[in-house]
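**Student:** Take a look at the following structure, please.
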Amino acid sequence: SDSSSAALFSSGFSATCNGASSSKIVGNDLLDTPSPLKDSGRFYSTGLFCNGANMNDCIAYLNREFSFLGLPTLYKPKSDVEDNAELDVVSLINAAHDVLSRYQLLRSNNENNSRETRIHSDYQNLLSKSSLQKDELERVERHNAVLTQKMKETRTSIKDNEDKVKALKDKLRLTSSQHQQQLSQYKHEM
């Protein structure tokens, strides 16, 4: 924010991003710098990670953490004093940009992984539904085959019954005709 930037510059931090000038902030014993996060009384009295009182410690802490991430050091070695180093603002800005880029990439990867997980889950659901529908289709096809077979058997049975009825009608006609002839002959004889 603007107020924290103003506080940072008003506390003696003056530098340009093109590397022409550098800050006057000096860090001592960089490897043994404790984390500003652990000392809540000193570092969080204002509710911020960095304030005017702990700026050197915060920069040293960030330098150590950036080094663990494989980023270049934030300090320029001073040739006249071995124990002190001068803050390299260009390195700080590049490291901050690199961390931001890594965060954005990580967030993008997480979103892609989340999207991929959803797609995989949707795909598995579709496969499951497809399998259920395939099973249902096979069950319906088997049922239809049974019904088709029963229909064929029923048609055959109807045809057989129609043939039997026709044969009975023919026999009845023949019997009726014979009976008529016998009756007619009987009447003729009488």
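Each chain in the structure tokens gets a letter, A, B and so on, in the order shown; residues start at 1 in every chain, and ligands are counted from 1 in the order they appear.
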List the neighbours of stretch 62-76 of chain A out to 7 Å using only C-alpha atoms; skip same-chain residues closer than 5 positions along the sequence, and give me the result as a list in words.
**Tutor:**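 The residues that qualify are Ala85, Glu86, Leu87, Asp88, Ser91, Leu92 and Ala95 of chain A.
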**Student:** Could those residues be written to a file, using all heavy atoms, as an mmCIF file, in the first residue's frame?
**Tutor:**
```
data_model
loop_
_atom_site.group_PDB
_atom_site.id
_atom_site.type_symbol
_atom_site.label_atom_id
_atom_site.label_comp_id
_atom_site.auth_asym_id
_atom_site.auth_seq_id
_atom_site.Cartn_x
_atom_site.Cartn_y
_atom_site.Cartn_z
ATOM 1 N N ALA A 85 27.010 -6.006 3.940
ATOM 2 C CA ALA A 85 26.654 -6.035 2.520
ATOM 3 C C ALA A 85 25.565 -5.004 2.295
ATOM 4 O O ALA A 85 24.759 -4.740 3.177
ATOM 5 C CB ALA A 85 26.186 -7.418 2.114
ATOM 6 N N GLU A 86 25.531 -4.460 1.120
ATOM 7 C CA GLU A 86 24.568 -3.425 0.762
ATOM 8 C C GLU A 86 23.413 -4.064 -0.010
ATOM 9 O O GLU A 86 23.631 -4.910 -0.856
ATOM 10 C CB GLU A 86 25.284 -2.389 -0.099
ATOM 11 C CG GLU A 86 24.585 -1.076 -0.191
ATOM 12 C CD GLU A 86 25.444 -0.063 -0.932
ATOM 13 O OE1 GLU A 86 26.581 0.180 -0.520
ATOM 14 O OE2 GLU A 86 24.943 0.445 -1.940
ATOM 15 N N LEU A 87 22.190 -3.632 0.290
ATOM 16 C CA LEU A 87 21.009 -4.184 -0.373
ATOM 17 C C LEU A 87 21.027 -3.830 -1.850
ATOM 18 O O LEU A 87 21.254 -2.693 -2.228
ATOM 19 C CB LEU A 87 19.727 -3.620 0.262
ATOM 20 C CG LEU A 87 18.420 -4.077 -0.370
ATOM 21 C CD1 LEU A 87 18.234 -5.577 -0.188
ATOM 22 C CD2 LEU A 87 17.244 -3.335 0.233
ATOM 23 N N ASP A 88 20.793 -4.841 -2.672
ATOM 24 C CA ASP A 88 20.700 -4.647 -4.124
ATOM 25 C C ASP A 88 19.212 -4.623 -4.473
ATOM 26 O O ASP A 88 18.546 -5.661 -4.512
ATOM 27 C CB ASP A 88 21.422 -5.787 -4.843
ATOM 28 C CG ASP A 88 21.432 -5.630 -6.354
ATOM 29 O OD1 ASP A 88 20.851 -4.642 -6.848
ATOM 30 O OD2 ASP A 88 22.018 -6.489 -7.026
ATOM 31 N N SER A 91 18.010 -6.727 -7.416
ATOM 32 C CA SER A 91 17.880 -8.146 -7.052
ATOM 33 C C SER A 91 16.614 -8.388 -6.235
ATOM 34 O O SER A 91 15.931 -9.390 -6.427
ATOM 35 C CB SER A 91 19.086 -8.616 -6.244
ATOM 36 O OG SER A 91 20.235 -8.627 -7.040
ATOM 37 N N LEU A 92 16.298 -7.455 -5.328
ATOM 38 C CA LEU A 92 15.084 -7.581 -4.529
ATOM 39 C C LEU A 92 13.842 -7.570 -5.416
ATOM 40 O O LEU A 92 12.950 -8.404 -5.285
ATOM 41 C CB LEU A 92 14.999 -6.454 -3.497
ATOM 42 C CG LEU A 92 13.724 -6.407 -2.656
ATOM 43 C CD1 LEU A 92 13.599 -7.665 -1.810
ATOM 44 C CD2 LEU A 92 13.716 -5.176 -1.774
ATOM 45 N N ALA A 95 13.760 -10.742 -7.478
ATOM 46 C CA ALA A 95 13.379 -11.883 -6.642
ATOM 47 C C ALA A 95 11.896 -11.831 -6.320
ATOM 48 O O ALA A 95 11.199 -12.854 -6.371
ATOM 49 C CB ALA A 95 14.209 -11.902 -5.362
#
```
**Student:** If you measure from atom CA of A:Gln182 to atom CA of A:Lys164, what distance in Å do you get, rounded to one decimal?
**Tutor:** 26.2 Å
**Student:** Where does DSSP see helix (DSSP H, G or I) in stretch 75-148 of chain A, if you list the residues as a count of residues only?
**Tutor:** 60
